[in-house]
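J.: Structure below; questions to follow.
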Amino acid sequence: QQQQHQHNYNYNYNLQQITFGAHHPQNTATPSNQCITHGLADFVAQEEMDRYRGFWWSPDSNGILFTRVDESHVPPYRITHQSTGAGATTNGTNHNPLDTATADPCSYEDHRYPFAGYPNPKVKLGYVKIVTNNNNNYTMQPEYSSSSSPSIQQQLFDQTTWFPAPREAQEYLARVSWFPDGSACAQWQNRTQTTLVLARLNIAQGKSRTLLVERSDVWINLHHML
């Protein structure tokens, strides 16, 4: 019943939450930008890890695990599109890196692409608690007001519990799953993908411990069988 009232989605690089019947969506984390995102899988996770999600509801709907991805140190890579749409000008240039539906003859997209041998995005895994009021409706913050929203978002972000990556496998967050007892697990890999660490996350205590370490002289294939 609780899950029918609540919905999360990613908008403008940030994790948003809305209660059905409410007038305004609310941010789960502090405002993001094109370099730092919350609740959104990065390019490496989607392309190489087969992970397309950046946030995961707890089974009891009382909290969300989410990723924080920092790409500020990854240099942008420009993809140019040649087009001859109607009404296009000969010297028009699209300066919006996300606008690909343009009639300009020379439009482009800018993406922070981690080339081989260069820095990857920095990924953190956090947990934020969702509270309910007496009517069993979800609330992330007090009564909405545009003037107070930024400070409240910061308060929520400050309450996030962060789970550090294991020292021997910090590069890639490959998988996140919930267990029936309310704990969760995360699979991390090193950059060469020769080490995989399965860590159990104790949400109540804000701690993690290693359950399994797998090593290979070549590489470790990921799967979804956990």
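Ordered as shown in the structure tokens, chains take letters A, B, and onward, while each chain numbers its residues from 1 and ligands are numbered from 1 in the order shown.
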So which residues touch segment 114-127 of chain A within 7 Å, counting only C-alpha atoms, skipping near sequence neighbours fewer than 5 positions away, as a list in words?
T.: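 Near neighbours after the sequence-gap exclusion: Gly63, Ile64, Leu65, Phe66, Thr67, Arg68, Val69, Asp70, Glu71, Val74, Thr160, Thr161, Trp162, Phe163 and Pro164 of chain A.
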J.: Near Ser177 of chain A, within 8 Å and counting only C-alpha atoms, which residues show up once chain neighbours fewer than 3 positions away are dropped, as a PyMOL selection string?
T.: chain A and resi 56+184-186
J.: Please determine, counting only C-alpha atoms, which residue among A:Gln189, A:Asp60, A:Ser72, A:Arg51 has the shortest atom-to-atom distance to Ile36 of chain A.
T.: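 Among A:Gln189, A:Asp60, A:Ser72, A:Arg51, it is A:Ser72 that comes nearest to Ile36 of chain A.
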J.: Identify, on the basis of only C-alpha atoms, every residue whose closest approach to Arg167 of chain A does not exceed 10 Å; exclude the query and any residue fewer than 6 positions from it along the same chain; express the result as a count of residues only.
T.: 3
J.: For Thr210 of chain A, please output as a list in words all residues within 8 Å (counting only C-alpha atoms; exclusion window: fewer than 5 positions along the same chain).
T.: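 Final neighbour list, sorted by chain and number: Val197, Leu198, Ala199 and Arg200 of chain A.
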J.: Just the number, please: distance in Å from atom CA of Gln159 of chain A to atom CA of Ile203 of chain A, one decimal.
T.: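 Pair atom CA of Gln159 of chain A / atom CA of Ile203 of chain A returns 12.8 Å.
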J.: Write out as JSON, numbers by chain the residues lying within 9 Å of Leu196 of chain A, counting only C-alpha atoms and excluding same-chain residues fewer than 5 positions away.
T.: {"A": [168, 169, 187, 188, 189, 190, 212, 213, 214, 215, 216, 220]}
J.: Between A:Asp217, A:Glu171, A:Asp110, A:Asp181, which has the minimum distance to Cys35 of chain A (counting only C-alpha atoms)?
T.: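 Of A:Asp217, A:Glu171, A:Asp110, A:Asp181, the one nearest Cys35 of chain A is A:Asp110, counting only C-alpha atoms.
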J.: I want to know what sits within 8 Å of Tyr113 of chain A, based on only C-alpha atoms, with residues of the same chain fewer than 4 positions away left out; could you give that as an mmCIF file with C-alpha atoms, in the first residue's frame?
T.:
data_model
loop_
_atom_site.group_PDB
_atom_site.id
_atom_site.type_symbol
_atom_site.label_atom_id
_atom_site.label_comp_id
_atom_site.auth_asym_id
_atom_site.auth_seq_id
_atom_site.Cartn_x
_atom_site.Cartn_y
_atom_site.Cartn_z
ATOM 1 C CA PHE A 43 28.247 5.927 -18.718
ATOM 2 C CA VAL A 74 36.583 13.691 -16.669
ATOM 3 C CA PRO A 75 37.283 15.867 -19.736
ATOM 4 C CA PRO A 76 34.340 16.542 -22.056
ATOM 5 C CA TYR A 77 34.237 14.957 -25.488
#
J.: One decimal, in Å: what's the spacing between atom CA of Glu47 of chain A and atom CA of Ser107 of chain A?
T.: 24.3 Å
